[in-house]
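Enquirer: Take a look at this one; I'll ask things after.
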Amino acid sequence: RLLDPEDTSYRQGFEELASYGIPVVRFACGGFWASEWKLYLEDRDAWFNKLDDVVESAAAHGIGLIPSVFWWYAGAPDLVGEPVDQLGNPESRTTAFIRQYAEDLVSRYRNHGAIWAWEFGNEYNLAADLPNALDHLPFISPERGTPERRTERDAISSAMILHAMAVFGEAARKHDPHRPITSGHAILRPSQFHQRTEGSWKRDTPEQHKAEWLHTHPDPYTLISTHLYPEARHGYFGWPSCSYRQHLDLTLEAAASAGKAVFLGEFGAGDTEEQKGPERAREEFTALVQAIEESGLPLSALWVYDFDWQDKTCNVTSTNHRSYQLDALRELNERFRRDSDNRPE
């Protein structure tokens, strides 16, 4: 929508998702590259007029929205011409931009029924506290607004992330005292606790893993975010394998201990189809749906619908060979609704 003002395909997308009984969509609500924020900087009215149509279209089809606001962790620093470490500086231009856009966005839609929750960004935790961080600095694409080179100041830490999250959370809560706020984090790395505390790849224990879920979601983040894909089966806790259900149960236990809820913001077969074939991908997807249902997880979102950049791996549409996933979600939501209707008051 931001890159092509004439593209209103989201209207047909919402209509189709509604026909499958999909109640909510998580979407990127801002630019990825710095260059994609250009319209907001130059003409905020035009920016929000475009977004208004997205929100109204979702509402017209009974679809809720979870906007993920600052999708890429280097996006805001790149936009204002600062290194990534300025995510952790209260006086930085990066901090000021996060606060400004969050306040503009939340204040505009705080009374709109289509908004279900506010999400900070996407999977920032995966880049945090890496022992080999200099080998994994953010992408470089000067024509899209990045610097021409990266330095150690572009490595991100959990402390920087928590500061930026606090700025976003404070701005969101200032204008919206009620809706859940979530991080957008992926599943924790198998060594996330040890990366933060001692800079090592040492495997976390289940208790350290649960503690890290709470550390990464301080108040006002009342909705713990996780993403679940087949690769999560291996590498955790020194176990031979960790099932989808075990992962979900650990996250739900951590959340319940602090009076928080869980949002499975992404799930799906990921790269399985490309690596191991469509039948194996279908098996993994089916196992994920079963784990979601058995765990009682109340809120989850499939990755990904109508995103042709990932046609080779996991893009789902009603007309491609992955349409069975939409059918499965319709059936799952119907069972959840029946269970809810039959629950005693």
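FYI, nothing fancy with the structure tokens labels: chains A, B, ... in order, residues from 1 per chain, ligands from 1 as they appear.
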Hey, what's within 12 Å of stretch 45-53 of chain A if we count only C-alpha atoms and toss same-chain stuff fewer than 3 positions away? As JSON, numbers by chain, please?

Expert: {"A": [1, 2, 3, 4, 5, 6, 7, 8, 9, 10, 11, 14, 27, 28, 29, 30, 31, 36, 37, 38, 39, 40, 41, 42, 56, 57, 58, 59, 60, 65, 67, 101, 104, 105, 106, 107, 108, 109, 112, 114, 115]}

Enquirer: Would you give me, as a VMD selection string, the residues in stretch 147-253 of chain A that DSSP reads as helix (DSSP H, G or I)?

Expert: chain A and resid 152 to 154 158 to 175 192 to 198 206 to 215 230 to 233 244 to 253

Enquirer: Would you output that residue set with C-alpha atoms, as a PDB file, in the first residue's frame?

Expert:
ATOM      1  CA  GLU A 152      30.093  -2.543  15.796  1.00  0.00           C
ATOM      2  CA  ARG A 153      27.657   0.227  16.784  1.00  0.00           C
ATOM      3  CA  ASP A 154      25.067  -1.501  14.587  1.00  0.00           C
ATOM      4  CA  SER A 158      18.760  -6.852  24.630  1.00  0.00           C
ATOM      5  CA  ALA A 159      19.236  -3.698  26.709  1.00  0.00           C
ATOM      6  CA  MET A 160      18.778  -1.530  23.606  1.00  0.00           C
ATOM      7  CA  ILE A 161      15.685  -3.483  22.635  1.00  0.00           C
ATOM      8  CA  LEU A 162      14.147  -3.149  26.086  1.00  0.00           C
ATOM      9  CA  HIS A 163      14.714   0.601  26.036  1.00  0.00           C
ATOM     10  CA  ALA A 164      13.078   1.005  22.637  1.00  0.00           C
ATOM     11  CA  MET A 165      10.227  -1.264  23.719  1.00  0.00           C
ATOM     12  CA  ALA A 166       9.729   0.867  26.825  1.00  0.00           C
ATOM     13  CA  VAL A 167       9.477   4.013  24.718  1.00  0.00           C
ATOM     14  CA  PHE A 168       6.912   2.378  22.453  1.00  0.00           C
ATOM     15  CA  GLY A 169       5.011   0.865  25.367  1.00  0.00           C
ATOM     16  CA  GLU A 170       4.827   4.161  27.232  1.00  0.00           C
ATOM     17  CA  ALA A 171       3.581   5.991  24.134  1.00  0.00           C
ATOM     18  CA  ALA A 172       1.000   3.316  23.361  1.00  0.00           C
ATOM     19  CA  ARG A 173      -0.264   3.130  26.935  1.00  0.00           C
ATOM     20  CA  LYS A 174      -0.463   6.934  27.159  1.00  0.00           C
ATOM     21  CA  HIS A 175      -3.109   6.981  24.445  1.00  0.00           C
ATOM     22  CA  GLN A 192      18.989 -16.467  24.822  1.00  0.00           C
ATOM     23  CA  PHE A 193      19.476 -16.262  28.599  1.00  0.00           C
ATOM     24  CA  HIS A 194      23.192 -17.109  28.409  1.00  0.00           C
ATOM     25  CA  GLN A 195      23.754 -14.756  25.478  1.00  0.00           C
ATOM     26  CA  ARG A 196      22.419 -11.896  27.587  1.00  0.00           C
ATOM     27  CA  THR A 197      24.079 -12.805  30.869  1.00  0.00           C
ATOM     28  CA  GLU A 198      27.477 -14.129  29.788  1.00  0.00           C
ATOM     29  CA  PRO A 206      13.684 -24.752  30.805  1.00  0.00           C
ATOM     30  CA  GLU A 207      13.561 -22.537  33.904  1.00  0.00           C
ATOM     31  CA  GLN A 208      16.024 -20.041  32.404  1.00  0.00           C
ATOM     32  CA  HIS A 209      13.981 -20.099  29.210  1.00  0.00           C
ATOM     33  CA  LYS A 210      10.791 -19.248  31.091  1.00  0.00           C
ATOM     34  CA  ALA A 211      12.554 -16.524  33.072  1.00  0.00           C
ATOM     35  CA  GLU A 212      13.815 -15.006  29.840  1.00  0.00           C
ATOM     36  CA  TRP A 213      10.290 -14.837  28.449  1.00  0.00           C
ATOM     37  CA  LEU A 214       9.364 -12.587  31.359  1.00  0.00           C
ATOM     38  CA  HIS A 215      12.580 -10.560  31.137  1.00  0.00           C
ATOM     39  CA  PRO A 230       9.918 -26.733  12.503  1.00  0.00           C
ATOM     40  CA  GLU A 231      13.511 -25.783  13.369  1.00  0.00           C
ATOM     41  CA  ALA A 232      12.366 -25.210  16.962  1.00  0.00           C
ATOM     42  CA  ARG A 233      12.117 -28.974  17.424  1.00  0.00           C
ATOM     43  CA  TYR A 244       5.645 -27.939  19.459  1.00  0.00           C
ATOM     44  CA  ARG A 245       3.370 -28.676  22.408  1.00  0.00           C
ATOM     45  CA  GLN A 246       6.293 -28.569  24.849  1.00  0.00           C
ATOM     46  CA  HIS A 247       7.359 -25.183  23.500  1.00  0.00           C
ATOM     47  CA  LEU A 248       3.864 -23.771  23.781  1.00  0.00           C
ATOM     48  CA  ASP A 249       3.362 -25.179  27.276  1.00  0.00           C
ATOM     49  CA  LEU A 250       6.612 -23.632  28.531  1.00  0.00           C
ATOM     50  CA  THR A 251       5.649 -20.239  27.126  1.00  0.00           C
ATOM     51  CA  LEU A 252       2.135 -20.451  28.533  1.00  0.00           C
ATOM     52  CA  GLU A 253       3.506 -21.434  31.954  1.00  0.00           C
TER      53      GLU A 253
END

Enquirer: Please measure the separation of atom CA of A:Glu148 and atom CA of A:Leu87, giving the value in Å to one decimal.

Expert: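 Straight-line distance from atom CA of A:Glu148 to atom CA of A:Leu87 works out to 19.3 Å.
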
Enquirer: Using only C-alpha atoms, determine which residues lie at most 6 Å from A:Gly265, disregarding the query and same-chain residues fewer than 2 positions distant; provide the list as number ranges by chain.

Expert: A: 227, 263, 300-301

Enquirer: For the selection just defined, write its residues with N, CA, C and O atoms to a file, as a compact mmCIF listing (two decimals), in the first residue's frame.

Expert:
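Output file again_10.txt follows:
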# COMPACT_ATOMS: atom_id res chain seq x y z
N HIS A 227 7.11 -17.08 17.97
CA HIS A 227 6.90 -17.60 16.62
C HIS A 227 7.41 -19.04 16.60
O HIS A 227 8.43 -19.34 17.22
N PHE A 263 0.77 -14.71 22.54
CA PHE A 263 0.38 -14.54 21.13
C PHE A 263 1.39 -15.27 20.26
O PHE A 263 2.56 -14.91 20.24
N SER A 300 -3.32 -16.87 17.66
CA SER A 300 -2.20 -17.25 16.82
C SER A 300 -2.44 -16.76 15.40
O SER A 300 -3.58 -16.48 15.01
N ALA A 301 -1.36 -16.66 14.62
CA ALA A 301 -1.46 -16.15 13.25
C ALA A 301 -0.53 -16.94 12.33
O ALA A 301 0.66 -17.09 12.62

Enquirer: Using only C-alpha atoms for the distances, tell me which of A:Leu288, A:Val25, A:Leu188, A:Leu326 is nearest to A:Val54.

Expert: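 Closest candidate: A:Val25.
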
Enquirer: From a DSSP calculation on the backbone, collect every residue of stretch 2-118 of chain A in strand (DSSP E) and output the set as a list in words.

Expert: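 These are the residues in question: Val24, Val25, Arg26, Phe27, Ala28, Gly64, Leu65, Ile66, Pro67, Ser68, Val69, Phe70 and Trp118 of chain A.
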
Enquirer: Could you check the closest approach to A:Arg330 for each of A:Ser19, A:Gln310, A:Gln12, A:Asn122 and tell me which residue wins, using only C-alpha atoms?

Expert: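 Under the stated criterion, the closest residue is A:Ser19.
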
Enquirer: I need the residue nearest A:Pro298 from this list: A:Pro23, A:Gly184, A:Pro131, A:Pro344. Use only C-alpha atoms for the distance.

Expert: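 Residue with the minimum atom-to-atom distance to A:Pro298: A:Pro23.
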
Enquirer: What is the distance, in Å and to one decimal place, between atom CA of A:Pro90 and atom CA of A:Tyr73?

Expert: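 The value is 16.2 Å.
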
Enquirer: So that I can see what lies close to A:Glu334, please list as a PyMOL selection string the residues with an atom at most 12 Å from it, counting only C-alpha atoms and leaving out residues fewer than 3 positions away in the same chain.

Expert: chain A and resi 20-23+293+327-331+337-341

Enquirer: At a cut-off of 9 Å, using only C-alpha atoms, what residues contact A:Ala186? Leave out same-chain residues fewer than 4 positions from it and give the result as a CSV table (one decimal) with N, CA, C and O atoms, in the first residue's frame.

Expert:
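Listed below is the output, selection22.csv:
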chain,number,residue,atom,x,y,z
A,122,ASN,N,9.4,-6.8,14.8
A,122,ASN,CA,9.4,-8.2,14.4
A,122,ASN,C,10.7,-8.9,14.7
A,122,ASN,O,11.8,-8.5,14.1
A,123,GLU,N,10.7,-9.8,15.6
A,123,GLU,CA,11.8,-10.7,15.9
A,123,GLU,C,13.1,-10.0,16.3
A,123,GLU,O,14.2,-10.5,15.9
A,124,TYR,N,13.0,-8.9,17.0
A,124,TYR,CA,14.3,-8.2,17.4
A,124,TYR,C,15.2,-9.1,18.2
A,124,TYR,O,16.4,-9.0,18.1
A,125,ASN,N,14.6,-10.0,19.0
A,125,ASN,CA,15.4,-10.8,19.9
A,125,ASN,C,16.4,-11.7,19.2
A,125,ASN,O,17.4,-12.1,19.8
A,126,LEU,N,16.1,-12.1,18.0
A,126,LEU,CA,17.0,-13.0,17.3
A,126,LEU,C,18.3,-12.4,17.0
A,126,LEU,O,19.3,-13.1,16.8
A,225,SER,N,5.0,-12.6,23.0
A,225,SER,CA,5.0,-13.0,21.6
A,225,SER,C,6.0,-14.1,21.4
A,225,SER,O,7.1,-14.1,21.9
A,226,THR,N,5.6,-15.1,20.6
A,226,THR,CA,6.5,-16.1,20.1
A,226,THR,C,6.2,-16.5,18.7
A,226,THR,O,5.0,-16.3,18.2
A,227,HIS,N,7.1,-17.1,18.0
A,227,HIS,CA,6.9,-17.6,16.6
A,227,HIS,C,7.4,-19.0,16.6
A,227,HIS,O,8.4,-19.3,17.2
A,228,LEU,N,6.7,-19.9,15.9
A,228,LEU,CA,7.0,-21.3,16.0
A,228,LEU,C,7.1,-22.0,14.6
A,228,LEU,O,6.1,-21.9,13.8
A,264,LEU,N,0.9,-16.3,19.6
A,264,LEU,CA,1.8,-17.0,18.6
A,264,LEU,C,1.7,-16.2,17.3
A,264,LEU,O,0.8,-16.5,16.4
A,265,GLY,N,2.5,-15.2,17.2
A,265,GLY,CA,2.4,-14.2,16.1
A,265,GLY,C,2.8,-14.8,14.7
A,265,GLY,O,2.4,-14.2,13.7
A,266,GLU,N,3.5,-15.9,14.7
A,266,GLU,CA,3.8,-16.6,13.4
A,266,GLU,C,3.9,-18.1,13.7
A,266,GLU,O,4.5,-18.5,14.7

Enquirer: May I ask for the distance between atom CA of A:Asn342 and atom CA of A:Gly64, given in Å to one decimal place?

Expert: 23.5 Å
